[in-house]
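Q: Attaching a single structure in structure tokens format; questions to follow.
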Amino acid sequence: MSGVRPALPDAAGHFGPFGGRFVPEALVAALDELAAAHAVAMADPDFQRELRQLLTSYAGRPTPITEARRFSEHAGGARILLKREDLTHTGSHKINNVLGQALLTVRMGKKRVIAETGAGQHGVATATAAALFGLDCTIYMGEEDTRRQALNVARMRLLGADVVPVDAGTRTLKDAINEAFRDWVTTVEYTHYVFGTVAGPHPFPAVVRDFQRIIGDETRTQVLDALGRLPDAVVACVGGGSNAIGIFTAFLADPQVRLYGFEAGGEGIETGRHAATLSAGSRGVLHGARTYVLQDADGQTRPSHSISAGLDYPGVGPEHAWLRETGRVCYQPVTDAEAMDAFRLLARTEGILAALESAHALAGALRVGRELGPGSVVVVSLSGRGDKDVQTAARWFGLDASDRSSRSAAYRRPGSGVDVPGRPM
């Protein structure tokens, strides 16, 4: 992994006015312990060597870059390159961060890990690492998400994890994080909370970013080797924002590379049913950090919505809030309909089923490619594979085998205007 550390956050975990630590006193010592262990590990060649070996021989890195030639025909002549995090062990970028935090858990002498999960990918990765290292594992997951992501619930349980459905609030990712923090407060002496994204109190945003930046480091090297130049744009989906920070970090110092984050526009910003925190949120505190939050006039967190469970979150990592305010990264919403059209387009043109989270980035890449024009190069972080989302996609497109009448209707569904090749199944 790169030995170059970004300048932010500062010693107190601030990215400009964002970040920091807003937590109960009972967690301060554990966060200080994690910050110290992380700092020592990142400078320790033995830790770096062990992590690199795991990422290579267990997770399957480096992941390749695939040029999506037929998909690119719909992007105004731009060349679309996919960074294939979907090809890692467990099927998403989440394994990069989890293996790093599992090593830290062992170094801190703790025997149990807990985690939150929305789409289930972080939960599966955590359960996998817990099995590998012999750690007890509990995963908190919103009850609504356990229904949407039943396949990943089964995977976690097969791996030996205790999956706890959370029936509070909107029964999604925000509520799962709340329950994980409640667990951690009472078990902190022997439990490490494997936070899954670049949000939460200091040092989690920096810890997760440092373990995910391998996505960007590999991408930068691979594109330079293949094309002899940097890409014109790098695109990623943003919920909490771990895959996006992971790929953006390697390009932040290259002003000629445009960076785009695409968040969940749900049914449209104007409907209020979305999770577009950076497009329609405001400054607030959520899950231990100051960031952008979807909230009402009284500062109460508003419910979010996305067809993608992994993006269904009313907050975002504080570094993304800072990158938005500095203008280094452009953040835009993508609706459910646009994401689903891009999901189907990639399947029909490239034979790849992307995670619904990644489908938001794919829809954004089509938009960016048309803007930049012929000959431009756009890299997309394909953060995960779509096995877990097949049931959702089948319902959306009316491909349920028990309802033939709905199939032809699916091809009349209004969407983003993308002309999708292929024929009804």
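Ordering of the structure tokens sets the chain letters (A, B, ...); residue numbers start at 1 within each chain; ligands are numbered from 1 in the order shown.
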List as a VMD selection string the protein and nucleic acid residues near range 40-55 of chain A, meaning an atom at most 12 Å away when only C-alpha atoms are counted, but skip any in the same chain fewer than 3 places from it.
A: chain A and resid 1 to 5 33 to 37 58 to 63 88 to 89 93 to 108 129 132 to 133 206 to 207 210 to 212 214 to 215
Q: Could those selected residues go to a file with N, CA and C atoms, as a CSV table (one decimal), in the first residue's frame?
A:
chain,number,residue,atom,x,y,z
A,1,MET,N,0.8,-1.2,0.0
A,1,MET,CA,0.0,0.0,0.0
A,1,MET,C,0.9,1.2,0.0
A,2,SER,N,0.3,2.3,-0.5
A,2,SER,CA,1.1,3.6,-0.6
A,2,SER,C,1.5,4.0,0.8
A,3,GLY,N,2.8,4.5,0.9
A,3,GLY,CA,3.3,5.0,2.2
A,3,GLY,C,2.9,6.5,2.3
A,4,VAL,N,2.3,7.1,1.3
A,4,VAL,CA,2.0,8.5,1.4
A,4,VAL,C,0.6,8.7,2.1
A,5,ARG,N,0.6,9.4,3.2
A,5,ARG,CA,-0.6,9.6,4.0
A,5,ARG,C,-1.2,11.0,3.6
A,33,GLU,N,-7.5,4.1,21.6
A,33,GLU,CA,-6.8,2.9,21.4
A,33,GLU,C,-6.7,2.5,20.0
A,34,LEU,N,-7.8,2.6,19.3
A,34,LEU,CA,-7.9,2.3,17.8
A,34,LEU,C,-7.0,3.3,17.1
A,35,ALA,N,-7.1,4.6,17.4
A,35,ALA,CA,-6.3,5.6,16.7
A,35,ALA,C,-4.8,5.3,16.9
A,36,ALA,N,-4.4,4.9,18.1
A,36,ALA,CA,-3.0,4.6,18.3
A,36,ALA,C,-2.6,3.3,17.5
A,37,ALA,N,-3.4,2.3,17.6
A,37,ALA,CA,-3.1,1.1,16.9
A,37,ALA,C,-3.0,1.3,15.4
A,58,TYR,N,-5.6,-14.0,-0.3
A,58,TYR,CA,-7.0,-14.3,0.2
A,58,TYR,C,-8.1,-13.5,-0.5
A,59,ALA,N,-7.9,-12.2,-0.6
A,59,ALA,CA,-8.9,-11.4,-1.2
A,59,ALA,C,-8.9,-11.4,-2.7
A,60,GLY,N,-7.7,-11.7,-3.3
A,60,GLY,CA,-7.6,-11.8,-4.8
A,60,GLY,C,-7.2,-10.5,-5.5
A,61,ARG,N,-6.4,-9.6,-4.8
A,61,ARG,CA,-5.9,-8.4,-5.4
A,61,ARG,C,-4.6,-8.7,-6.1
A,62,PRO,N,-4.3,-7.8,-7.1
A,62,PRO,CA,-5.0,-6.7,-7.6
A,62,PRO,C,-6.2,-7.1,-8.4
A,63,THR,N,-7.3,-6.3,-8.3
A,63,THR,CA,-8.4,-6.5,-9.2
A,63,THR,C,-8.1,-5.9,-10.5
A,88,THR,N,-13.4,-9.3,-6.0
A,88,THR,CA,-12.7,-9.7,-4.8
A,88,THR,C,-13.4,-10.8,-4.1
A,89,HIS,N,-12.7,-11.5,-3.2
A,89,HIS,CA,-13.4,-12.5,-2.4
A,89,HIS,C,-14.5,-11.8,-1.5
A,93,HIS,N,-15.7,-4.3,-2.5
A,93,HIS,CA,-14.6,-3.6,-1.9
A,93,HIS,C,-14.5,-3.7,-0.4
A,94,LYS,N,-15.6,-4.1,0.3
A,94,LYS,CA,-15.6,-4.1,1.7
A,94,LYS,C,-14.5,-5.0,2.3
A,95,ILE,N,-14.1,-6.0,1.6
A,95,ILE,CA,-13.1,-6.9,2.2
A,95,ILE,C,-11.7,-6.2,2.5
A,96,ASN,N,-11.4,-5.2,1.7
A,96,ASN,CA,-10.1,-4.4,1.9
A,96,ASN,C,-10.1,-3.9,3.3
A,97,ASN,N,-11.1,-3.2,3.7
A,97,ASN,CA,-11.2,-2.5,5.0
A,97,ASN,C,-11.3,-3.5,6.1
A,98,VAL,N,-12.1,-4.6,5.9
A,98,VAL,CA,-12.3,-5.5,7.0
A,98,VAL,C,-11.1,-6.3,7.3
A,99,LEU,N,-10.3,-6.7,6.3
A,99,LEU,CA,-9.0,-7.4,6.6
A,99,LEU,C,-8.1,-6.5,7.4
A,100,GLY,N,-8.0,-5.3,7.1
A,100,GLY,CA,-7.2,-4.4,7.8
A,100,GLY,C,-7.6,-4.2,9.3
A,101,GLN,N,-8.9,-4.0,9.5
A,101,GLN,CA,-9.5,-3.8,10.8
A,101,GLN,C,-9.4,-5.1,11.6
A,102,ALA,N,-9.5,-6.3,10.9
A,102,ALA,CA,-9.4,-7.6,11.7
A,102,ALA,C,-8.0,-7.7,12.2
A,103,LEU,N,-7.0,-7.3,11.4
A,103,LEU,CA,-5.6,-7.4,11.9
A,103,LEU,C,-5.4,-6.4,13.1
A,104,LEU,N,-6.0,-5.3,13.1
A,104,LEU,CA,-6.0,-4.3,14.2
A,104,LEU,C,-6.6,-4.9,15.4
A,105,THR,N,-7.7,-5.6,15.2
A,105,THR,CA,-8.5,-6.3,16.3
A,105,THR,C,-7.5,-7.3,17.1
A,106,VAL,N,-6.8,-8.1,16.3
A,106,VAL,CA,-5.9,-9.0,16.9
A,106,VAL,C,-4.8,-8.3,17.6
A,107,ARG,N,-4.3,-7.3,17.0
A,107,ARG,CA,-3.2,-6.5,17.6
A,107,ARG,C,-3.6,-5.9,19.0
A,108,MET,N,-4.9,-5.5,19.0
A,108,MET,CA,-5.4,-4.9,20.3
A,108,MET,C,-5.8,-5.9,21.3
A,129,ALA,N,-14.0,-12.4,7.7
A,129,ALA,CA,-12.7,-12.2,8.4
A,129,ALA,C,-12.7,-12.8,9.8
A,132,LEU,N,-12.0,-16.3,9.6
A,132,LEU,CA,-10.5,-16.5,9.3
A,132,LEU,C,-9.7,-16.3,10.5
A,133,PHE,N,-10.0,-15.4,11.3
A,133,PHE,CA,-9.2,-15.1,12.5
A,133,PHE,C,-9.7,-15.7,13.8
A,206,ALA,N,-10.7,8.0,8.8
A,206,ALA,CA,-9.3,7.8,8.3
A,206,ALA,C,-8.9,6.4,8.2
A,207,VAL,N,-9.3,5.6,9.2
A,207,VAL,CA,-8.9,4.1,9.2
A,207,VAL,C,-9.5,3.5,7.9
A,210,ASP,N,-7.8,4.7,4.7
A,210,ASP,CA,-6.5,4.2,4.5
A,210,ASP,C,-6.5,2.7,4.0
A,211,PHE,N,-7.5,1.9,4.5
A,211,PHE,CA,-7.5,0.5,4.0
A,211,PHE,C,-8.2,0.4,2.6
A,212,GLN,N,-9.0,1.5,2.2
A,212,GLN,CA,-9.6,1.4,0.9
A,212,GLN,C,-8.8,2.1,-0.2
A,214,ILE,N,-6.3,1.5,-1.6
A,214,ILE,CA,-5.6,0.5,-2.5
A,214,ILE,C,-6.4,0.5,-3.8
A,215,ILE,N,-7.7,0.8,-3.8
A,215,ILE,CA,-8.5,0.8,-5.0
A,215,ILE,C,-7.9,1.8,-6.0
Q: Could you list, as a PDB file with all heavy atoms, in the first residue's frame, every residue within 9 Å of Val153 in chain A, counting only C-alpha atoms and ignoring same-chain residues fewer than 5 positions away?
A:
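Wrote out_35.pdb, looks like this:
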ATOM      1  N   GLY A 120     -25.544  -5.769   3.142  1.00  0.00           N
ATOM      2  CA  GLY A 120     -25.043  -7.067   3.572  1.00  0.00           C
ATOM      3  C   GLY A 120     -23.606  -7.334   3.171  1.00  0.00           C
ATOM      4  O   GLY A 120     -22.976  -8.257   3.686  1.00  0.00           O
ATOM      5  N   GLY A 123     -21.316  -6.828   6.059  1.00  0.00           N
ATOM      6  CA  GLY A 123     -21.570  -7.891   7.027  1.00  0.00           C
ATOM      7  C   GLY A 123     -20.944  -9.207   6.599  1.00  0.00           C
ATOM      8  O   GLY A 123     -20.338  -9.917   7.404  1.00  0.00           O
ATOM      9  N   VAL A 124     -21.066  -9.539   5.325  1.00  0.00           N
ATOM     10  CA  VAL A 124     -20.469 -10.775   4.815  1.00  0.00           C
ATOM     11  C   VAL A 124     -18.944 -10.703   4.927  1.00  0.00           C
ATOM     12  O   VAL A 124     -18.291 -11.670   5.348  1.00  0.00           O
ATOM     13  CB  VAL A 124     -20.892 -11.025   3.354  1.00  0.00           C
ATOM     14  CG1 VAL A 124     -20.075 -12.158   2.735  1.00  0.00           C
ATOM     15  CG2 VAL A 124     -22.378 -11.364   3.287  1.00  0.00           C
ATOM     16  N   MET A 141     -28.298  -5.458  11.508  1.00  0.00           N
ATOM     17  CA  MET A 141     -28.850  -5.181  10.174  1.00  0.00           C
ATOM     18  C   MET A 141     -30.311  -4.775  10.326  1.00  0.00           C
ATOM     19  O   MET A 141     -31.072  -5.411  11.073  1.00  0.00           O
ATOM     20  CB  MET A 141     -28.743  -6.448   9.315  1.00  0.00           C
ATOM     21  CG  MET A 141     -29.034  -6.256   7.842  1.00  0.00           C
ATOM     22  SD  MET A 141     -28.596  -7.770   6.919  1.00  0.00           S
ATOM     23  CE  MET A 141     -28.763  -7.179   5.234  1.00  0.00           C
ATOM     24  N   THR A 146     -32.809  -6.914   6.040  1.00  0.00           N
ATOM     25  CA  THR A 146     -32.717  -8.381   6.079  1.00  0.00           C
ATOM     26  C   THR A 146     -33.683  -9.004   5.081  1.00  0.00           C
ATOM     27  O   THR A 146     -33.410 -10.071   4.525  1.00  0.00           O
ATOM     28  CB  THR A 146     -33.008  -8.939   7.484  1.00  0.00           C
ATOM     29  OG1 THR A 146     -34.351  -8.638   7.853  1.00  0.00           O
ATOM     30  CG2 THR A 146     -32.041  -8.387   8.513  1.00  0.00           C
ATOM     31  N   ARG A 147     -34.813  -8.305   4.856  1.00  0.00           N
ATOM     32  CA  ARG A 147     -35.762  -8.807   3.859  1.00  0.00           C
ATOM     33  C   ARG A 147     -35.223  -8.572   2.449  1.00  0.00           C
ATOM     34  O   ARG A 147     -35.264  -9.461   1.596  1.00  0.00           O
ATOM     35  CB  ARG A 147     -37.111  -8.081   4.025  1.00  0.00           C
ATOM     36  CG  ARG A 147     -38.186  -8.538   3.049  1.00  0.00           C
ATOM     37  CD  ARG A 147     -39.391  -7.626   3.084  1.00  0.00           C
ATOM     38  NE  ARG A 147     -39.085  -6.271   2.687  1.00  0.00           N
ATOM     39  CZ  ARG A 147     -38.909  -5.892   1.419  1.00  0.00           C
ATOM     40  NH1 ARG A 147     -39.010  -6.778   0.441  1.00  0.00           N
ATOM     41  NH2 ARG A 147     -38.629  -4.637   1.124  1.00  0.00           N
ATOM     42  N   LEU A 158     -24.103 -18.674   7.668  1.00  0.00           N
ATOM     43  CA  LEU A 158     -23.292 -19.841   7.301  1.00  0.00           C
ATOM     44  C   LEU A 158     -21.837 -19.664   7.723  1.00  0.00           C
ATOM     45  O   LEU A 158     -21.149 -20.632   8.051  1.00  0.00           O
ATOM     46  CB  LEU A 158     -23.371 -20.076   5.791  1.00  0.00           C
ATOM     47  CG  LEU A 158     -24.691 -20.660   5.274  1.00  0.00           C
ATOM     48  CD1 LEU A 158     -24.744 -20.596   3.751  1.00  0.00           C
ATOM     49  CD2 LEU A 158     -24.869 -22.094   5.752  1.00  0.00           C
ATOM     50  N   VAL A 163     -26.585 -12.734  13.283  1.00  0.00           N
ATOM     51  CA  VAL A 163     -27.192 -11.591  12.600  1.00  0.00           C
ATOM     52  C   VAL A 163     -28.393 -11.127  13.420  1.00  0.00           C
ATOM     53  O   VAL A 163     -29.333 -11.900  13.649  1.00  0.00           O
ATOM     54  CB  VAL A 163     -27.631 -11.947  11.173  1.00  0.00           C
ATOM     55  CG1 VAL A 163     -28.244 -10.724  10.482  1.00  0.00           C
ATOM     56  CG2 VAL A 163     -26.443 -12.468  10.376  1.00  0.00           C
TER      57      VAL A 163
END
Q: Using only C-alpha atoms, pick whichever of A:Pro314, A:Gly364, A:Gly265, A:Gly272 has the shortest atom-to-atom distance to Ala236 in chain A.
A: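 Using only C-alpha atoms, the shortest distance to Ala236 in chain A belongs to A:Gly364.
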Q: Can you pull out every residue from range 129-297 of chain A that DSSP, working from the backbone, puts in strand (DSSP E), and format the result as an mmCIF file with N, CA, C and O atoms, in the first residue's frame?
A:
data_model
loop_
_atom_site.group_PDB
_atom_site.id
_atom_site.type_symbol
_atom_site.label_atom_id
_atom_site.label_comp_id
_atom_site.auth_asym_id
_atom_site.auth_seq_id
_atom_site.Cartn_x
_atom_site.Cartn_y
_atom_site.Cartn_z
ATOM 1 N N ASP A 136 -15.314 -14.067 17.581
ATOM 2 C CA ASP A 136 -16.773 -14.051 17.676
ATOM 3 C C ASP A 136 -17.297 -12.856 16.881
ATOM 4 O O ASP A 136 -16.659 -11.796 16.835
ATOM 5 N N CYS A 137 -18.483 -13.025 16.296
ATOM 6 C CA CYS A 137 -18.961 -11.983 15.368
ATOM 7 C C CYS A 137 -20.464 -11.787 15.492
ATOM 8 O O CYS A 137 -21.234 -12.748 15.444
ATOM 9 N N THR A 138 -20.864 -10.525 15.647
ATOM 10 C CA THR A 138 -22.280 -10.154 15.643
ATOM 11 C C THR A 138 -22.485 -9.040 14.628
ATOM 12 O O THR A 138 -21.727 -8.066 14.603
ATOM 13 N N ILE A 139 -23.508 -9.213 13.773
ATOM 14 C CA ILE A 139 -23.804 -8.238 12.726
ATOM 15 C C ILE A 139 -25.187 -7.648 12.974
ATOM 16 O O ILE A 139 -26.170 -8.380 13.111
ATOM 17 N N TYR A 140 -25.266 -6.317 13.021
ATOM 18 C CA TYR A 140 -26.550 -5.626 13.159
ATOM 19 C C TYR A 140 -27.022 -5.180 11.770
ATOM 20 O O TYR A 140 -26.258 -4.589 10.999
ATOM 21 N N MET A 141 -28.298 -5.458 11.508
ATOM 22 C CA MET A 141 -28.850 -5.181 10.174
ATOM 23 C C MET A 141 -30.311 -4.775 10.326
ATOM 24 O O MET A 141 -31.072 -5.411 11.073
ATOM 25 N N GLY A 142 -30.710 -3.695 9.682
ATOM 26 C CA GLY A 142 -32.100 -3.271 9.741
ATOM 27 C C GLY A 142 -33.034 -4.371 9.252
ATOM 28 O O GLY A 142 -32.716 -5.079 8.296
ATOM 29 N N ASP A 162 -23.640 -14.086 14.173
ATOM 30 C CA ASP A 162 -24.976 -13.875 14.731
ATOM 31 C C ASP A 162 -25.540 -12.613 14.089
ATOM 32 O O ASP A 162 -25.005 -11.513 14.289
ATOM 33 N N VAL A 163 -26.585 -12.734 13.283
ATOM 34 C CA VAL A 163 -27.192 -11.591 12.600
ATOM 35 C C VAL A 163 -28.393 -11.127 13.420
ATOM 36 O O VAL A 163 -29.333 -11.900 13.649
ATOM 37 N N VAL A 164 -28.361 -9.858 13.856
ATOM 38 C CA VAL A 164 -29.419 -9.316 14.705
ATOM 39 C C VAL A 164 -30.268 -8.331 13.889
ATOM 40 O O VAL A 164 -29.796 -7.242 13.545
ATOM 41 N N PRO A 165 -31.520 -8.687 13.556
ATOM 42 C CA PRO A 165 -32.384 -7.736 12.842
ATOM 43 C C PRO A 165 -32.791 -6.596 13.783
ATOM 44 O O PRO A 165 -33.145 -6.831 14.932
ATOM 45 N N VAL A 166 -32.730 -5.378 13.285
ATOM 46 C CA VAL A 166 -33.064 -4.197 14.082
ATOM 47 C C VAL A 166 -34.422 -3.677 13.619
ATOM 48 O O VAL A 166 -34.596 -3.309 12.457
ATOM 49 N N THR A 191 -14.473 -6.044 22.679
ATOM 50 C CA THR A 191 -15.084 -5.989 21.347
ATOM 51 C C THR A 191 -14.507 -4.838 20.536
ATOM 52 O O THR A 191 -14.333 -3.732 21.052
ATOM 53 N N HIS A 192 -14.250 -5.097 19.252
ATOM 54 C CA HIS A 192 -13.911 -4.021 18.324
ATOM 55 C C HIS A 192 -15.067 -3.843 17.350
ATOM 56 O O HIS A 192 -15.580 -4.822 16.796
ATOM 57 N N TYR A 193 -15.466 -2.601 17.124
ATOM 58 C CA TYR A 193 -16.510 -2.285 16.168
ATOM 59 C C TYR A 193 -15.845 -2.079 14.803
ATOM 60 O O TYR A 193 -15.138 -1.105 14.587
ATOM 61 N N ALA A 233 -11.712 11.337 -16.025
ATOM 62 C CA ALA A 233 -12.658 11.390 -14.905
ATOM 63 C C ALA A 233 -12.666 10.065 -14.154
ATOM 64 O O ALA A 233 -12.433 9.004 -14.752
ATOM 65 N N VAL A 234 -12.924 10.142 -12.856
ATOM 66 C CA VAL A 234 -13.098 8.967 -12.010
ATOM 67 C C VAL A 234 -14.458 9.100 -11.331
ATOM 68 O O VAL A 234 -14.787 10.162 -10.784
ATOM 69 N N VAL A 235 -15.225 8.021 -11.357
ATOM 70 C CA VAL A 235 -16.626 8.044 -10.935
ATOM 71 C C VAL A 235 -16.872 6.937 -9.914
ATOM 72 O O VAL A 235 -16.366 5.823 -10.072
ATOM 73 N N ALA A 236 -17.652 7.247 -8.864
ATOM 74 C CA ALA A 236 -18.010 6.227 -7.869
ATOM 75 C C ALA A 236 -19.365 6.569 -7.262
ATOM 76 O O ALA A 236 -19.783 7.737 -7.260
ATOM 77 N N CYS A 237 -20.039 5.548 -6.737
ATOM 78 C CA CYS A 237 -21.265 5.790 -5.980
ATOM 79 C C CYS A 237 -20.885 6.240 -4.568
ATOM 80 O O CYS A 237 -19.806 5.933 -4.059
ATOM 81 N N VAL A 238 -21.827 6.967 -3.915
ATOM 82 C CA VAL A 238 -21.572 7.466 -2.558
ATOM 83 C C VAL A 238 -22.801 7.224 -1.697
ATOM 84 O O VAL A 238 -23.885 7.745 -1.978
ATOM 85 N N ARG A 258 -11.067 14.823 -13.273
ATOM 86 C CA ARG A 258 -12.330 15.214 -12.639
ATOM 87 C C ARG A 258 -12.849 14.062 -11.786
ATOM 88 O O ARG A 258 -12.800 12.894 -12.209
ATOM 89 N N LEU A 259 -13.370 14.382 -10.613
ATOM 90 C CA LEU A 259 -13.880 13.368 -9.687
ATOM 91 C C LEU A 259 -15.381 13.597 -9.481
ATOM 92 O O LEU A 259 -15.814 14.722 -9.219
ATOM 93 N N TYR A 260 -16.141 12.504 -9.602
ATOM 94 C CA TYR A 260 -17.597 12.591 -9.484
ATOM 95 C C TYR A 260 -18.106 11.534 -8.500
ATOM 96 O O TYR A 260 -17.768 10.348 -8.633
ATOM 97 N N GLY A 261 -18.927 11.969 -7.565
ATOM 98 C CA GLY A 261 -19.613 11.048 -6.662
ATOM 99 C C GLY A 261 -21.103 11.078 -6.939
ATOM 100 O O GLY A 261 -21.703 12.161 -6.998
ATOM 101 N N PHE A 262 -21.701 9.906 -7.136
ATOM 102 C CA PHE A 262 -23.133 9.838 -7.448
ATOM 103 C C PHE A 262 -23.869 9.181 -6.294
ATOM 104 O O PHE A 262 -23.585 8.048 -5.917
ATOM 105 N N GLU A 263 -24.805 9.925 -5.707
ATOM 106 C CA GLU A 263 -25.545 9.445 -4.549
ATOM 107 C C GLU A 263 -26.976 9.113 -4.932
ATOM 108 O O GLU A 263 -27.419 9.400 -6.045
ATOM 109 N N ALA A 264 -27.692 8.506 -4.004
ATOM 110 C CA ALA A 264 -29.007 7.938 -4.299
ATOM 111 C C ALA A 264 -30.082 9.022 -4.375
ATOM 112 O O ALA A 264 -30.505 9.561 -3.349
ATOM 113 N N GLY A 265 -30.533 9.300 -5.604
ATOM 114 C CA GLY A 265 -31.613 10.263 -5.789
ATOM 115 C C GLY A 265 -32.988 9.648 -5.603
ATOM 116 O O GLY A 265 -34.001 10.370 -5.675
ATOM 117 N N GLY A 266 -33.043 8.336 -5.349
ATOM 118 C CA GLY A 266 -34.308 7.663 -5.044
ATOM 119 C C GLY A 266 -35.383 7.931 -6.088
ATOM 120 O O GLY A 266 -35.177 7.730 -7.285
ATOM 121 N N SER A 282 -27.861 19.145 4.970
ATOM 122 C CA SER A 282 -27.275 20.336 5.583
ATOM 123 C C SER A 282 -26.335 19.891 6.697
ATOM 124 O O SER A 282 -26.342 18.726 7.108
ATOM 125 N N ARG A 283 -25.531 20.804 7.198
ATOM 126 C CA ARG A 283 -24.557 20.459 8.232
ATOM 127 C C ARG A 283 -25.246 19.977 9.508
ATOM 128 O O ARG A 283 -26.213 20.612 9.968
ATOM 129 N N GLY A 284 -24.742 18.890 10.066
ATOM 130 C CA GLY A 284 -25.314 18.363 11.305
ATOM 131 C C GLY A 284 -24.386 17.305 11.875
ATOM 132 O O GLY A 284 -23.287 17.081 11.356
ATOM 133 N N VAL A 285 -24.820 16.651 12.931
ATOM 134 C CA VAL A 285 -24.031 15.591 13.565
ATOM 135 C C VAL A 285 -24.804 14.288 13.472
ATOM 136 O O VAL A 285 -25.994 14.231 13.827
ATOM 137 N N LEU A 286 -24.146 13.256 12.972
ATOM 138 C CA LEU A 286 -24.762 11.927 12.875
ATOM 139 C C LEU A 286 -23.708 10.862 13.150
ATOM 140 O O LEU A 286 -22.610 10.924 12.590
ATOM 141 N N ALA A 289 -20.035 12.166 14.213
ATOM 142 C CA ALA A 289 -19.212 13.093 13.427
ATOM 143 C C ALA A 289 -20.066 14.215 12.852
ATOM 144 O O ALA A 289 -21.261 14.026 12.585
ATOM 145 N N ARG A 290 -19.438 15.380 12.660
ATOM 146 C CA ARG A 290 -20.129 16.478 11.976
ATOM 147 C C ARG A 290 -19.959 16.283 10.472
ATOM 148 O O ARG A 290 -18.842 16.085 9.970
ATOM 149 N N THR A 291 -21.076 16.331 9.768
ATOM 150 C CA THR A 291 -21.044 16.070 8.334
ATOM 151 C C THR A 291 -22.302 16.645 7.703
ATOM 152 O O THR A 291 -22.980 17.487 8.320
ATOM 153 N N TYR A 292 -22.643 16.230 6.520
ATOM 154 C CA TYR A 292 -23.930 16.584 5.919
ATOM 155 C C TYR A 292 -24.937 15.501 6.291
ATOM 156 O O TYR A 292 -24.630 14.303 6.246
ATOM 157 N N VAL A 293 -26.149 15.957 6.639
ATOM 158 C CA VAL A 293 -27.184 15.053 7.136
ATOM 159 C C VAL A 293 -28.525 15.453 6.522
ATOM 160 O O VAL A 293 -28.784 16.650 6.328
#
Q: Go through A:Gly375, A:Gly169, A:Gly240, A:Gly228 and flag the residue nearest Thr197 in chain A, using only C-alpha atoms for the distances.
A: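 Selected residue with least distance to Thr197 in chain A: A:Gly240.
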Q: Please report the interatomic distance between CA of Thr335 in chain A and CA of Gly268 in chain A in Å with one decimal.
A: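 It comes out at 5.9 Å.
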Q: Using only C-alpha atoms, which residue out of A:Lys111, A:His74, A:His320, A:His122 lies closest to Pro17 in chain A?
A: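 Between A:Lys111, A:His74, A:His320, A:His122, the residue approaching Pro17 in chain A most closely is A:His320.
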Q: Nearest to Pro231 in chain A: which of A:Glu338, A:Asp254, A:Glu179, A:Glu73 is it, counting only C-alpha atoms?
A: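 Ranked by minimum distance to Pro231 in chain A, first place goes to A:Asp254.
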Q: Choose the residue, out of A:Pro318, A:Pro6, A:Gly351, A:Gly16, that has the smallest atom-to-atom separation from His202 in chain A; count only C-alpha atoms.
A: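 Smallest separation from His202 in chain A among the options: A:Pro318.
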Q: Using only C-alpha atoms, which residue out of A:Asp296, A:Asp400, A:Glu116, A:Glu67 lies closest to Asn178 in chain A?
A: A:Glu116
Q: Quick one: distance from CA of Val329 in chain A to CA of Leu230 in chain A in Å, one decimal?
A: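 Computing it gives 16.6 Å between the two atoms.
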Q: Show me, as a ChimeraX atom specification, the residues that have an atom within 7 Å of range 277-281 of chain A when counting only C-alpha atoms, minus same-chain residues fewer than 6 positions from it.
A: /A:292-295,314-316,331-333
Q: From the DSSP assignment of the backbone, select every residue of range 119-231 of chain A that is alpha helix (DSSP H), and format the answer as a ChimeraX atom specification.
A: /A:121-133,143-148,150-158,173-187,204-212,214-227
Q: What is the distance, in Å and to one decimal place, between CA of Ala309 in chain A and CA of Ala119 in chain A?
A: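 Spanning CA of Ala309 in chain A to CA of Ala119 in chain A is a straight-line distance of 4.8 Å.
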Q: List the neighbours of Val379 in chain A out to 6 Å using only C-alpha atoms; skip same-chain residues closer than 4 positions along the sequence, and give me the result as an MDAnalysis selection string.
A: chainID A and resid 80:82 234
